[in-house]
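S.K.: Enclosed is the structure file work-v8.cif (mmCIF, C-alpha atoms and all ligand atoms).
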data_coords
#
loop_
_atom_site.label_atom_id
_atom_site.label_comp_id
_atom_site.auth_asym_id
_atom_site.auth_seq_id
_atom_site.Cartn_x
_atom_site.Cartn_y
_atom_site.Cartn_z
CA MET A 1 -71.02 -125.96 48.95
CA SER A 2 -71.28 -122.22 49.29
CA MET A 3 -69.25 -119.55 51.10
CA ARG A 4 -69.48 -115.85 51.88
CA ALA A 5 -67.46 -113.48 49.72
CA TYR A 6 -67.16 -109.71 49.23
CA GLN A 7 -68.07 -109.35 45.59
CA LEU A 8 -68.23 -106.52 43.06
CA GLU A 9 -70.81 -107.06 40.30
CA GLY A 10 -69.89 -104.10 38.08
CA PHE A 11 -68.54 -100.55 37.99
CA ASP A 12 -71.99 -99.12 38.68
CA SER A 13 -72.43 -101.03 41.97
CA ARG A 14 -70.74 -101.23 45.37
CA PRO A 15 -69.19 -104.48 46.60
CA ARG A 16 -71.21 -106.50 49.14
CA ILE A 17 -71.04 -109.83 50.96
CA VAL A 18 -72.93 -112.52 49.06
CA ASP A 19 -73.15 -116.32 49.01
CA VAL A 20 -71.16 -117.84 46.14
CA PRO A 21 -69.99 -121.39 45.34
CA ARG A 22 -66.84 -122.49 47.16
CA PRO A 23 -63.94 -122.74 44.64
CA THR A 24 -62.25 -126.02 43.74
CA PRO A 25 -58.43 -125.95 43.57
CA GLY A 26 -57.10 -126.53 40.05
CA GLU A 27 -53.70 -127.82 38.91
CA GLY A 28 -50.99 -126.32 41.16
CA GLU A 29 -53.55 -124.54 43.35
CA VAL A 30 -54.25 -124.66 47.07
CA LEU A 31 -57.69 -124.15 48.63
CA VAL A 32 -57.16 -121.92 51.67
CA GLN A 33 -59.73 -121.45 54.41
CA VAL A 34 -59.15 -117.76 55.01
CA ARG A 35 -58.98 -116.66 58.64
CA ALA A 36 -57.55 -113.15 58.32
CA SER A 37 -56.95 -110.44 55.76
CA SER A 38 -56.55 -106.67 55.66
CA VAL A 39 -57.52 -103.62 53.63
CA ASN A 40 -54.86 -101.91 51.50
CA PRO A 41 -55.10 -98.67 49.49
CA LEU A 42 -54.96 -100.96 46.43
CA ASP A 43 -58.10 -102.80 47.60
CA ALA A 44 -59.88 -99.46 48.01
CA ASN A 45 -58.87 -98.47 44.48
CA ILE A 46 -60.11 -101.80 43.13
CA ALA A 47 -63.40 -101.64 45.09
CA GLY A 48 -64.05 -98.11 43.83
CA GLY A 49 -63.32 -99.08 40.21
CA ARG A 50 -60.36 -96.67 40.06
CA ALA A 51 -57.95 -99.53 39.35
CA ARG A 52 -59.56 -100.08 35.91
CA ARG A 53 -56.77 -97.89 34.46
CA TYR A 54 -54.23 -100.62 35.19
CA LYS A 55 -56.21 -103.80 35.96
CA GLN A 56 -58.71 -105.85 33.98
CA TYR A 57 -61.93 -106.68 35.88
CA VAL A 58 -63.84 -109.91 35.25
CA PHE A 59 -67.32 -109.57 36.85
CA PRO A 60 -68.62 -110.69 39.23
CA ALA A 61 -65.26 -110.22 40.99
CA ILE A 62 -64.37 -111.31 44.52
CA LEU A 63 -62.10 -108.61 46.01
CA GLY A 64 -59.18 -108.85 48.44
CA THR A 65 -55.39 -109.15 48.28
CA ASP A 66 -53.89 -110.31 51.61
CA PHE A 67 -54.73 -113.59 53.28
CA ALA A 68 -53.76 -115.91 56.09
CA GLY A 69 -55.49 -119.16 56.90
CA VAL A 70 -55.18 -122.92 56.74
CA VAL A 71 -54.88 -125.30 53.81
CA ALA A 72 -58.29 -126.93 53.26
CA GLU A 73 -57.39 -128.96 50.17
CA THR A 74 -54.58 -129.23 47.64
CA GLY A 75 -55.05 -129.45 43.87
CA PRO A 76 -53.19 -131.82 41.51
CA GLY A 77 -49.43 -131.20 41.38
CA VAL A 78 -49.16 -129.40 44.72
CA THR A 79 -46.34 -130.74 46.87
CA GLY A 80 -45.15 -130.04 50.41
CA LEU A 81 -48.49 -128.83 51.80
CA SER A 82 -51.19 -130.70 53.73
CA PRO A 83 -54.66 -129.82 55.01
CA GLY A 84 -54.38 -127.85 58.25
CA ASP A 85 -51.03 -126.18 57.42
CA ARG A 86 -51.04 -122.45 58.27
CA VAL A 87 -50.25 -120.30 55.22
CA PHE A 88 -50.26 -116.64 54.19
CA GLY A 89 -49.76 -114.74 50.98
CA LEU A 90 -51.32 -112.37 48.53
CA VAL A 91 -53.49 -112.57 45.45
CA HIS A 92 -51.48 -110.97 42.72
CA GLY A 93 -51.84 -110.16 39.04
CA ASN A 94 -53.42 -107.81 36.53
CA ILE A 95 -56.86 -109.44 36.53
CA VAL A 96 -59.45 -108.68 39.22
CA ARG A 97 -61.60 -111.82 39.43
CA THR A 98 -60.94 -113.79 42.59
CA GLY A 99 -59.67 -112.48 45.92
CA SER A 100 -59.14 -113.07 49.60
CA PHE A 101 -62.23 -111.34 51.04
CA ALA A 102 -63.92 -114.76 51.09
CA GLU A 103 -64.17 -117.74 53.40
CA PHE A 104 -62.23 -119.87 50.90
CA LEU A 105 -59.70 -118.97 48.22
CA ALA A 106 -58.10 -121.15 45.53
CA VAL A 107 -54.63 -119.73 44.91
CA PRO A 108 -51.50 -120.89 43.02
CA GLN A 109 -48.97 -122.49 45.36
CA ASP A 110 -46.32 -119.87 44.47
CA GLN A 111 -48.50 -117.09 45.92
CA LEU A 112 -48.30 -118.44 49.48
CA ALA A 113 -45.84 -119.57 52.15
CA ALA A 114 -45.98 -121.20 55.58
CA VAL A 115 -46.75 -118.95 58.56
CA PRO A 116 -44.00 -119.15 61.21
CA ALA A 117 -45.30 -120.63 64.48
CA THR A 118 -44.52 -117.39 66.34
CA VAL A 119 -46.69 -115.26 64.02
CA ASP A 120 -50.42 -115.12 64.84
CA ASP A 121 -53.31 -114.96 62.36
CA PRO A 122 -54.00 -111.20 62.47
CA THR A 123 -50.33 -110.42 61.88
CA ALA A 124 -50.03 -113.00 59.08
CA GLY A 125 -53.24 -111.63 57.56
CA VAL A 126 -51.88 -108.08 57.23
CA LEU A 127 -48.43 -109.16 56.06
CA GLY A 128 -48.98 -109.79 52.32
CA LEU A 129 -48.88 -106.68 50.14
CA ALA A 130 -47.51 -104.22 52.70
CA GLY A 131 -44.84 -106.67 53.90
CA VAL A 132 -43.67 -107.63 50.39
CA THR A 133 -43.57 -103.95 49.39
CA ALA A 134 -41.58 -103.01 52.49
CA ALA A 135 -39.09 -105.83 51.87
CA CYS A 136 -38.68 -104.79 48.19
CA CYS A 137 -38.15 -101.14 49.22
CA LEU A 138 -35.44 -102.16 51.69
CA ASP A 139 -33.77 -104.31 49.00
CA ALA A 140 -33.81 -101.29 46.68
CA VAL A 141 -32.09 -98.94 49.15
CA ARG A 142 -29.76 -101.67 50.55
CA VAL A 143 -29.51 -100.39 54.13
CA GLY A 144 -27.59 -102.14 56.89
CA GLU A 145 -26.33 -101.68 60.42
CA GLY A 146 -25.38 -98.09 61.22
CA ASP A 147 -27.30 -96.58 58.27
CA THR A 148 -29.94 -93.88 58.64
CA LEU A 149 -33.24 -94.35 56.78
CA LEU A 150 -36.02 -91.78 56.29
CA VAL A 151 -39.45 -93.39 55.76
CA VAL A 152 -41.98 -90.89 54.42
CA GLY A 153 -45.40 -92.38 55.14
CA GLY A 154 -43.93 -94.29 58.08
CA SER A 155 -47.23 -94.39 60.00
CA GLY A 156 -49.05 -96.55 57.41
CA GLY A 157 -48.94 -100.23 56.53
CA VAL A 158 -45.84 -100.38 54.32
CA GLY A 159 -44.07 -97.90 56.61
CA SER A 160 -44.77 -100.02 59.69
CA PHE A 161 -43.15 -103.10 58.14
CA ALA A 162 -40.24 -101.15 56.59
CA THR A 163 -39.51 -99.52 59.96
CA GLN A 164 -39.55 -102.79 61.89
CA PHE A 165 -37.54 -104.76 59.33
CA ALA A 166 -34.90 -102.00 59.08
CA ALA A 167 -34.70 -101.34 62.84
CA ALA A 168 -34.11 -105.07 63.39
CA GLN A 169 -31.01 -104.78 61.14
CA GLY A 170 -29.57 -101.97 63.27
CA VAL A 171 -30.73 -99.16 60.97
CA GLN A 172 -31.66 -95.85 62.60
CA VAL A 173 -35.15 -95.12 61.23
CA ILE A 174 -36.65 -91.63 60.98
CA ALA A 175 -40.38 -92.06 60.36
CA THR A 176 -42.91 -89.37 59.45
CA ALA A 177 -45.79 -89.29 61.95
CA ARG A 178 -48.08 -86.72 63.52
CA PRO A 179 -47.92 -86.39 67.31
CA GLY A 180 -50.33 -88.71 69.14
CA PRO A 181 -51.37 -92.18 67.90
CA GLU A 182 -49.23 -91.98 64.72
CA GLU A 183 -46.08 -91.11 66.65
CA ASP A 184 -46.82 -93.69 69.37
CA HIS A 185 -47.29 -96.32 66.66
CA VAL A 186 -44.06 -95.64 64.73
CA ARG A 187 -42.06 -95.59 67.97
CA LYS A 188 -43.58 -98.99 68.78
CA MET A 189 -42.51 -100.17 65.31
CA GLY A 190 -38.91 -99.19 66.18
CA ALA A 191 -38.48 -95.66 64.81
CA ALA A 192 -35.64 -93.84 66.55
CA GLU A 193 -36.89 -90.40 65.43
CA THR A 194 -40.10 -88.92 64.08
CA VAL A 195 -40.95 -85.90 61.91
CA ASP A 196 -44.42 -84.33 62.01
CA TRP A 197 -45.25 -84.35 58.30
CA ALA A 198 -48.32 -82.15 58.77
CA ALA A 199 -46.52 -79.35 60.65
CA GLU A 200 -42.93 -79.39 59.37
CA ASP A 201 -41.04 -79.37 56.09
CA VAL A 202 -39.78 -82.96 56.23
CA ALA A 203 -36.61 -82.36 54.18
CA LEU A 204 -35.62 -79.24 56.12
CA THR A 205 -36.20 -80.89 59.50
CA VAL A 206 -34.23 -84.00 58.58
CA ARG A 207 -31.33 -81.98 57.10
CA GLY A 208 -31.32 -79.77 60.22
CA ARG A 209 -30.94 -82.81 62.46
CA HIS A 210 -28.57 -84.70 60.11
CA PRO A 211 -26.38 -82.08 58.41
CA ASP A 212 -24.41 -84.77 56.53
CA GLY A 213 -27.63 -86.33 55.21
CA VAL A 214 -29.25 -89.75 55.64
CA THR A 215 -28.19 -92.98 53.95
CA ALA A 216 -31.52 -93.81 52.35
CA VAL A 217 -35.06 -92.53 51.72
CA ILE A 218 -38.21 -94.62 51.16
CA ASP A 219 -41.06 -92.40 49.97
CA LEU A 220 -44.55 -93.94 50.20
CA ILE A 221 -46.44 -90.67 49.73
CA ASP A 222 -45.25 -88.48 46.85
CA ARG A 223 -46.67 -89.27 43.43
CA ASP A 224 -44.99 -86.41 41.61
CA PRO A 225 -41.25 -86.24 40.79
CA ALA A 226 -41.57 -82.51 41.54
CA ALA A 227 -42.09 -83.45 45.22
CA PHE A 228 -39.95 -86.62 45.36
CA THR A 229 -36.81 -85.14 43.77
CA PRO A 230 -36.30 -82.17 46.17
CA LEU A 231 -37.10 -84.42 49.16
CA VAL A 232 -34.41 -86.91 48.13
CA VAL A 233 -31.85 -84.34 46.98
CA GLY A 234 -32.45 -82.36 50.17
CA THR A 235 -32.01 -85.23 52.62
CA LEU A 236 -29.62 -87.84 51.15
CA ALA A 237 -25.92 -88.07 51.97
CA PRO A 238 -23.53 -88.57 49.02
CA GLY A 239 -23.78 -92.20 47.89
CA GLY A 240 -27.30 -92.56 49.35
CA ARG A 241 -30.18 -94.39 47.67
CA ALA A 242 -33.92 -93.74 47.38
CA ALA A 243 -37.10 -95.68 46.55
CA SER A 244 -40.68 -94.71 45.65
CA THR A 245 -43.77 -96.95 45.69
CA LEU A 246 -45.72 -94.39 43.64
CA ARG A 247 -43.57 -94.12 40.48
CA ALA A 248 -42.23 -90.73 41.55
CA ALA A 249 -38.57 -91.54 40.83
CA ASP A 250 -37.67 -89.90 37.50
CA PRO A 251 -34.09 -90.93 36.56
CA GLN A 252 -33.72 -87.79 34.36
CA ALA A 253 -34.39 -85.53 37.35
CA MET A 254 -32.38 -87.32 40.01
CA GLN A 255 -29.00 -85.61 39.45
CA GLY A 256 -27.24 -88.99 39.41
CA ILE A 257 -28.77 -90.23 42.69
CA PRO A 258 -29.80 -93.91 42.45
CA ALA A 259 -33.59 -93.93 42.86
CA VAL A 260 -35.85 -96.90 42.17
CA ASN A 261 -39.57 -97.17 41.46
CA VAL A 262 -40.43 -100.27 43.46
CA ARG A 263 -42.81 -102.77 41.93
CA PRO A 264 -43.17 -105.65 44.39
CA GLU A 265 -42.21 -109.06 43.10
CA VAL A 266 -44.44 -111.89 44.35
CA ASN A 267 -43.27 -115.49 44.25
CA ALA A 268 -42.58 -118.34 46.66
CA ARG A 269 -38.97 -117.21 47.30
CA VAL A 270 -40.03 -113.66 48.22
CA LEU A 271 -42.83 -114.94 50.46
CA HIS A 272 -40.51 -117.38 52.26
CA ARG A 273 -38.11 -114.53 52.90
CA LEU A 274 -40.97 -112.37 54.17
CA ALA A 275 -41.97 -115.19 56.54
CA GLU A 276 -38.40 -115.22 57.88
CA LEU A 277 -38.44 -111.44 58.34
CA ALA A 278 -41.77 -111.73 60.16
CA GLU A 279 -40.38 -114.44 62.41
CA HIS A 280 -37.12 -112.69 63.30
CA SER A 281 -37.76 -108.94 62.84
CA LEU A 282 -41.32 -108.28 64.00
CA GLN A 283 -41.42 -107.24 67.63
CA ASP A 284 -45.02 -106.07 67.41
CA SER A 285 -47.92 -106.51 65.00
CA PRO A 286 -48.55 -103.46 62.78
CA ALA A 287 -52.29 -104.28 63.09
CA THR A 288 -53.90 -101.53 65.20
CA ALA A 289 -57.53 -102.64 64.80
CA ALA A 290 -59.45 -105.71 63.68
CA TYR A 291 -62.83 -105.74 61.93
CA ASP A 292 -65.23 -108.66 61.60
CA PHE A 293 -65.93 -109.67 57.99
CA ASP A 294 -69.50 -108.30 58.31
CA ARG A 295 -67.95 -104.87 59.03
CA ILE A 296 -65.62 -104.76 56.01
CA ASP A 297 -67.24 -101.54 54.75
CA ALA A 298 -66.33 -99.91 58.08
CA ALA A 299 -62.72 -101.05 57.62
CA PHE A 300 -62.61 -99.35 54.21
CA GLU A 301 -64.14 -96.18 55.71
CA ALA A 302 -61.49 -96.19 58.45
CA LEU A 303 -58.72 -96.62 55.86
CA ALA A 304 -60.07 -93.69 53.85
CA ALA A 305 -60.35 -91.54 56.98
CA GLY A 306 -56.68 -92.10 57.82
CA ALA A 307 -55.75 -95.24 59.69
CA VAL A 308 -52.57 -95.86 61.65
CA GLY A 309 -50.64 -99.05 60.86
CA LYS A 310 -52.64 -101.92 59.34
CA LEU A 311 -56.36 -102.68 59.69
CA ALA A 312 -56.96 -106.41 60.04
CA LEU A 313 -60.06 -108.30 58.89
CA ARG A 314 -61.34 -111.32 60.78
CA ILE A 315 -62.73 -113.51 57.99
CA SER A 316 -63.39 -116.58 60.13
CA SER A 317 -63.07 -116.89 63.88
CA ALA A 318 -60.11 -118.88 65.10
CA SER A 319 -58.49 -119.37 68.47
CA SER A 320 -55.19 -117.82 67.35
CA TRP A 321 -56.87 -114.38 67.09
CA ALA A 322 -56.81 -114.28 70.86
CA ARG A 323 -52.99 -114.35 70.79
CA SER A 324 -52.71 -110.83 69.35
CA PRO A 325 -53.02 -108.20 72.07
CA SER A 326 -52.69 -105.23 69.71
CA ALA A 327 -55.30 -106.38 67.20
CA ALA A 328 -57.62 -107.69 69.90
CA SER A 329 -57.52 -104.39 71.78
CA GLY A 330 -58.59 -102.53 68.65
CA SER A 331 -61.38 -104.97 67.82
CA ARG A 332 -64.39 -103.45 66.07
N1 LIG B 401 -45.98 -99.94 43.95
C1 LIG B 401 -46.79 -100.81 44.53
O1 LIG B 401 -47.06 -101.89 44.00
C2 LIG B 401 -47.37 -100.49 45.86
C3 LIG B 401 -47.56 -101.51 46.80
C4 LIG B 401 -48.07 -101.17 48.05
C5 LIG B 401 -48.39 -99.84 48.32
N2 LIG B 401 -48.24 -98.90 47.36
C6 LIG B 401 -48.60 -97.50 47.63
O2 LIG B 401 -47.76 -97.02 48.68
C7 LIG B 401 -48.49 -96.11 49.48
C8 LIG B 401 -48.40 -96.52 50.95
O3 LIG B 401 -49.13 -97.73 51.14
P1 LIG B 401 -49.66 -98.12 52.58
O4 LIG B 401 -50.35 -99.41 52.45
O5 LIG B 401 -48.57 -97.97 53.56
O6 LIG B 401 -50.74 -96.93 52.81
P2 LIG B 401 -51.39 -96.46 54.18
O7 LIG B 401 -51.46 -97.60 55.12
O8 LIG B 401 -52.62 -95.70 53.81
O9 LIG B 401 -50.31 -95.44 54.82
C9 LIG B 401 -50.08 -94.14 54.41
C10 LIG B 401 -49.67 -93.36 55.67
O10 LIG B 401 -49.05 -92.14 55.30
C11 LIG B 401 -49.63 -91.07 56.06
N3 LIG B 401 -49.57 -89.83 55.29
C12 LIG B 401 -50.54 -89.23 54.54
N4 LIG B 401 -50.07 -88.11 53.96
C13 LIG B 401 -48.78 -88.00 54.34
C14 LIG B 401 -47.76 -87.06 54.06
N5 LIG B 401 -47.97 -86.00 53.27
N6 LIG B 401 -46.53 -87.26 54.59
C15 LIG B 401 -46.28 -88.31 55.39
N7 LIG B 401 -47.21 -89.25 55.71
C16 LIG B 401 -48.44 -89.09 55.18
C17 LIG B 401 -51.03 -91.54 56.31
O11 LIG B 401 -51.56 -90.84 57.41
P3 LIG B 401 -53.15 -90.54 57.43
O12 LIG B 401 -53.77 -91.88 57.43
O13 LIG B 401 -53.33 -89.79 58.69
O14 LIG B 401 -53.45 -89.75 56.19
C18 LIG B 401 -50.86 -93.03 56.55
O15 LIG B 401 -50.52 -93.30 57.90
C19 LIG B 401 -49.94 -96.11 48.96
O16 LIG B 401 -50.13 -94.97 48.13
C20 LIG B 401 -50.02 -97.37 48.16
O17 LIG B 401 -50.97 -97.26 47.11
C21 LIG B 401 -47.72 -99.19 46.14
#
Let me see the structure of the file written as structure tokens.
M.R.:
Amino acid sequence: MSMRAYQLEGFDSRPRIVDVPRPTPGEGEVLVQVRASSVNPLDANIAGGRARRYKQYVFPAILGTDFAGVVAETGPGVTGLSPGDRVFGLVHGNIVRTGSFAEFLAVPQDQLAAVPATVDDPTAGVLGLAGVTAACCLDAVRVGEGDTLLVVGGSGGVGSFATQFAAAQGVQVIATARPGPEEDHVRKMGAAETVDWAAEDVALTVRGRHPDGVTAVIDLIDRDPAAFTPLVVGTLAPGGRAASTLRAADPQAMQGIPAVNVRPEVNARVLHRLAELAEHSLQDSPATAAYDFDRIDAAFEALAAGAVGKLALRISSASSWARSPSAASGSR
């Protein structure tokens, strides 16, 4: 049997949707019929071949990281899952060979978890990488009720999840966002304050509003310690903690401030915890638009042009898509 998949044949070509054989689940693997996915900056780097610096490609390679769908079949040794169960997760590892931009995906059982009944397909489909990264960032800065958290890059995918998860714990979140759709979005995600990153010096504005400093900083934008260090030093209160998703935390430069380079951990325990966070902490889906699988190139173009929140992909039509007002309203 065949299926449609978004496949990259080599570094000198662009990925495209082709018919390929449907995979068979091996030992410990689950065959998932993929309903929803999303595009991440990582997927864009992989599709453009830029990820070859840190990932090994095996061609032809099916692309895609995030997925949500239903169990179609279980391989030998898989326990606790049955055909029809709703699951989500992310394809993880250093080898680019098989991914979630496909109608079916064979994935190790420890790379997925059950979707809570209250979470619809488009939300579950955008949860994987951005949600795990947000949860790992929050673990790194250890915020709790009454704390103040600055999220630089708050208007994007990771920022949307970090803001919602933190706000649900009683954290006062300051998210960077330009006025208009970005600001509207981060407020919807639960941000108590916003800073216009394009018009203001973020550190100066935050310090002006919070003279004693904030409890924690999550920086999803700066790649260079020369930008990360003054931001953190300029905004954090004594005893505060910081995290970077872009390896910008240089312990030598941090003047004793605890700062962590977050590298998301992916396993069944982390995904189960993410499912719980999604069930109890998500008031609204971070998905602001949904693209049909045939329009995946348009989703990548929108991501490159500067998208707000998460961009969902509708891999196969399913009734639960209708349950998401935010993603349905942005349907493309
Ligand atoms: N370490 C890891 O394993 C890991 C995992 C996940 C993500 N990441 C990285 O973390 C970063 C964030 O990921 P994401 O999925 O959230 O990306 P995203 O969805 O593209 O979000 C980035 C957001 O930041 C905004 N922005 C751009 N420049 C900014 C600036 N100077 N100050 C404040 N905000 C700015 C963008 O606005 P515009 O769209 O208007 O430009 C966009 O809304 C990416 O670089 C990604 O590669 C790393």
S.K.: Within 9 Å of Leu231 of chain A, counting all atoms listed in the file, which residues qualify if same-chain residues fewer than 5 places away don't, as an MDAnalysis selection string?
M.R.: chainID A and resid 202:204 217 219 236
S.K.: Any chance you can output those residues with C-alpha atoms as an mmCIF file, in the coordinates of the input?
M.R.:
data_model
loop_
_atom_site.group_PDB
_atom_site.id
_atom_site.type_symbol
_atom_site.label_atom_id
_atom_site.label_comp_id
_atom_site.auth_asym_id
_atom_site.auth_seq_id
_atom_site.Cartn_x
_atom_site.Cartn_y
_atom_site.Cartn_z
ATOM 1 C CA VAL A 202 -39.780 -82.960 56.230
ATOM 2 C CA ALA A 203 -36.610 -82.360 54.180
ATOM 3 C CA LEU A 204 -35.620 -79.240 56.120
ATOM 4 C CA VAL A 217 -35.060 -92.530 51.720
ATOM 5 C CA ASP A 219 -41.060 -92.400 49.970
ATOM 6 C CA LEU A 236 -29.620 -87.840 51.150
#
S.K.: Might you pull out every residue within 7 Å of Val115 of chain A, with all atoms listed in the file counted and same-chain residues fewer than 2 positions away left off, and present them as an MDAnalysis selection string?
M.R.: chainID A and resid 86:88 113 117 119 124 275
S.K.: Please report, as lines of an AutoDock Vina configuration file, the centre and edge lengths in Å to one decimal of an axis-aligned box covering all listed atoms of ligand LIG 401 (chain B) with 4 Å per side.
M.R.:
center_x = -49.9
center_y = -93.9
center_z = 51.3
size_x = 15.8
size_y = 23.9
size_z = 22.7
S.K.: List all protein, DNA and RNA residues that have any atom at most 6 Å from ligand LIG 401 (chain B), counting all atoms listed in the file, and write the list as a list in words.
M.R.: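 Residues lying within 6 Å of ligand LIG 401 (chain B): Asn40, Pro41, Leu42, Leu129, Ala130, Thr133, Val152, Gly153, Ser155, Gly156, Gly157, Val158, Gly159, Thr176, Trp197, Leu220, Ile221, Thr245, Leu246, Val262, Arg263, Pro264, Gly306, Ala307, Val308 and Gly309 of chain A.
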S.K.: A:Arg207, A:Arg178, A:Arg187, A:Arg247: which is nearest Gln164 of chain A, counting all atoms listed in the file?
M.R.: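 For Gln164 of chain A, the nearest of the given residues is A:Arg187.
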S.K.: With all atoms listed in the file as the atoms that count, which of A:Val107, A:Ala198, A:Leu277, A:Ala68 lies nearest to Gly93 of chain A?
M.R.: A:Val107
S.K.: Please indicate the distance in Å from atom CA of Leu127 of chain A to atom CA of Asp297 of chain A, rounded to one decimal place.
M.R.: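 It comes out at 20.3 Å.
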S.K.: From the set A:Ala227, A:Val32, A:Ile17, A:Val70, which residue has the shortest atom-to-atom contact distance to Arg4 of chain A, counting only C-alpha atoms?
M.R.: A:Ile17
S.K.: Just checking: using all atoms listed in the file, which residue out of A:Ala167, A:Ile174, A:Ala312, A:Val58 ends up closest to Gly190 of chain A?
M.R.: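 The shortest atom-to-atom distance to Gly190 of chain A comes from A:Ala167.
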S.K.: Could you jot down the atom CA of Lys188 of chain A to atom CA of Ala168 of chain A separation for me, Å, one decimal place?
M.R.: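 Pair atom CA of Lys188 of chain A / atom CA of Ala168 of chain A returns 12.5 Å.
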S.K.: How far is it from atom CA of Gln56 of chain A to atom CA of Ile95 of chain A, in Å with one decimal?
M.R.: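 Spanning atom CA of Gln56 of chain A to atom CA of Ile95 of chain A is a straight-line distance of 4.8 Å.
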S.K.: From the set A:Ala36, A:Val270, A:Leu63, A:Val30, which residue has the shortest atom-to-atom contact distance to Pro108 of chain A, counting all atoms listed in the file?
M.R.: A:Val30
S.K.: Using only C-alpha atoms, which of the listed residues (A:Ala249, A:Val18, A:Ala106, A:Ala268) sits closest to Pro225 of chain A?
M.R.: A:Ala249
S.K.: May I have the residues at most 12 Å from (-61.5, -96.5, 57.9) in the file's coordinates, counting only C-alpha atoms, as a ChimeraX atom specification?
M.R.: /A:38-41,44,288-291,295-313,332
S.K.: So that I can check the surroundings of Glu103 of chain A, please list as a list of chain:residue names every protein, DNA and RNA residue that reaches within 9 Å of it, counting all atoms listed in the file and ignoring chain neighbours fewer than 6 positions away.
M.R.: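 Contacts, with the query itself left out: A:Met3, A:Arg4, A:Ala5, A:Arg22, A:Val32, A:Gln33, A:Val34, A:Arg35, A:Ile315, A:Ser316.
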S.K.: Save the residues we just selected, C-alpha atoms, as a compact mmCIF listing (two decimals), in the coordinates of the input?
M.R.:
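Wrote it out as out13.txt, contents follow:
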# COMPACT_ATOMS: atom_id res chain seq x y z
CA MET A 3 -69.25 -119.55 51.10
CA ARG A 4 -69.48 -115.85 51.88
CA ALA A 5 -67.46 -113.48 49.72
CA ARG A 22 -66.84 -122.49 47.16
CA VAL A 32 -57.16 -121.92 51.67
CA GLN A 33 -59.73 -121.45 54.41
CA VAL A 34 -59.15 -117.76 55.01
CA ARG A 35 -58.98 -116.66 58.64
CA ILE A 315 -62.73 -113.51 57.99
CA SER A 316 -63.39 -116.58 60.13
S.K.: Neighbouring residues of Ala237 of chain A were defined as those with any atom within 10 Å, considering all atoms listed in the file; residues of the same chain fewer than 3 positions away were excluded. Please report them as a list in words.
M.R.: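 After dropping sequence-adjacent residues, the list is Thr148, Arg207, His210, Pro211, Asp212, Gly213, Val214, Thr215, Ala216, Val232, Val233, Gly234, Gly240, Arg241 and Ile257 of chain A.
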S.K.: Any chance you could model N, CA and C atoms for segment 265-276 of chain A and send them as a PDB file, in the coordinates of the input?
M.R.:
ATOM      1  N   GLU A 265     -42.267-107.760  43.779  1.00  0.00           N
ATOM      2  CA  GLU A 265     -42.210-109.060  43.100  1.00  0.00           C
ATOM      3  C   GLU A 265     -42.899-110.050  44.036  1.00  0.00           C
ATOM      4  N   VAL A 266     -43.763-110.901  43.492  1.00  0.00           N
ATOM      5  CA  VAL A 266     -44.440-111.890  44.350  1.00  0.00           C
ATOM      6  C   VAL A 266     -44.171-113.287  43.807  1.00  0.00           C
ATOM      7  N   ASN A 267     -43.469-114.076  44.584  1.00  0.00           N
ATOM      8  CA  ASN A 267     -43.270-115.490  44.250  1.00  0.00           C
ATOM      9  C   ASN A 267     -42.928-116.219  45.538  1.00  0.00           C
ATOM     10  N   ALA A 268     -42.781-117.535  45.445  1.00  0.00           N
ATOM     11  CA  ALA A 268     -42.580-118.340  46.660  1.00  0.00           C
ATOM     12  C   ALA A 268     -41.319-117.921  47.399  1.00  0.00           C
ATOM     13  N   ARG A 269     -40.248-117.589  46.646  1.00  0.00           N
ATOM     14  CA  ARG A 269     -38.970-117.210  47.300  1.00  0.00           C
ATOM     15  C   ARG A 269     -39.151-115.935  48.118  1.00  0.00           C
ATOM     16  N   VAL A 270     -39.821-114.940  47.522  1.00  0.00           N
ATOM     17  CA  VAL A 270     -40.030-113.660  48.220  1.00  0.00           C
ATOM     18  C   VAL A 270     -40.903-113.876  49.456  1.00  0.00           C
ATOM     19  N   LEU A 271     -41.930-114.720  49.326  1.00  0.00           N
ATOM     20  CA  LEU A 271     -42.830-114.940  50.460  1.00  0.00           C
ATOM     21  C   LEU A 271     -42.144-115.723  51.586  1.00  0.00           C
ATOM     22  N   HIS A 272     -41.272-116.664  51.216  1.00  0.00           N
ATOM     23  CA  HIS A 272     -40.510-117.380  52.260  1.00  0.00           C
ATOM     24  C   HIS A 272     -39.601-116.412  53.006  1.00  0.00           C
ATOM     25  N   ARG A 273     -38.986-115.508  52.251  1.00  0.00           N
ATOM     26  CA  ARG A 273     -38.110-114.530  52.900  1.00  0.00           C
ATOM     27  C   ARG A 273     -38.915-113.603  53.809  1.00  0.00           C
ATOM     28  N   LEU A 274     -40.107-113.230  53.348  1.00  0.00           N
ATOM     29  CA  LEU A 274     -40.970-112.370  54.170  1.00  0.00           C
ATOM     30  C   LEU A 274     -41.368-113.109  55.454  1.00  0.00           C
ATOM     31  N   ALA A 275     -41.630-114.401  55.340  1.00  0.00           N
ATOM     32  CA  ALA A 275     -41.970-115.190  56.540  1.00  0.00           C
ATOM     33  C   ALA A 275     -40.806-115.164  57.522  1.00  0.00           C
ATOM     34  N   GLU A 276     -39.575-115.271  56.996  1.00  0.00           N
ATOM     35  CA  GLU A 276     -38.400-115.220  57.880  1.00  0.00           C
ATOM     36  C   GLU A 276     -38.268-113.860  58.550  1.00  0.00           C
TER      37      GLU A 276
END
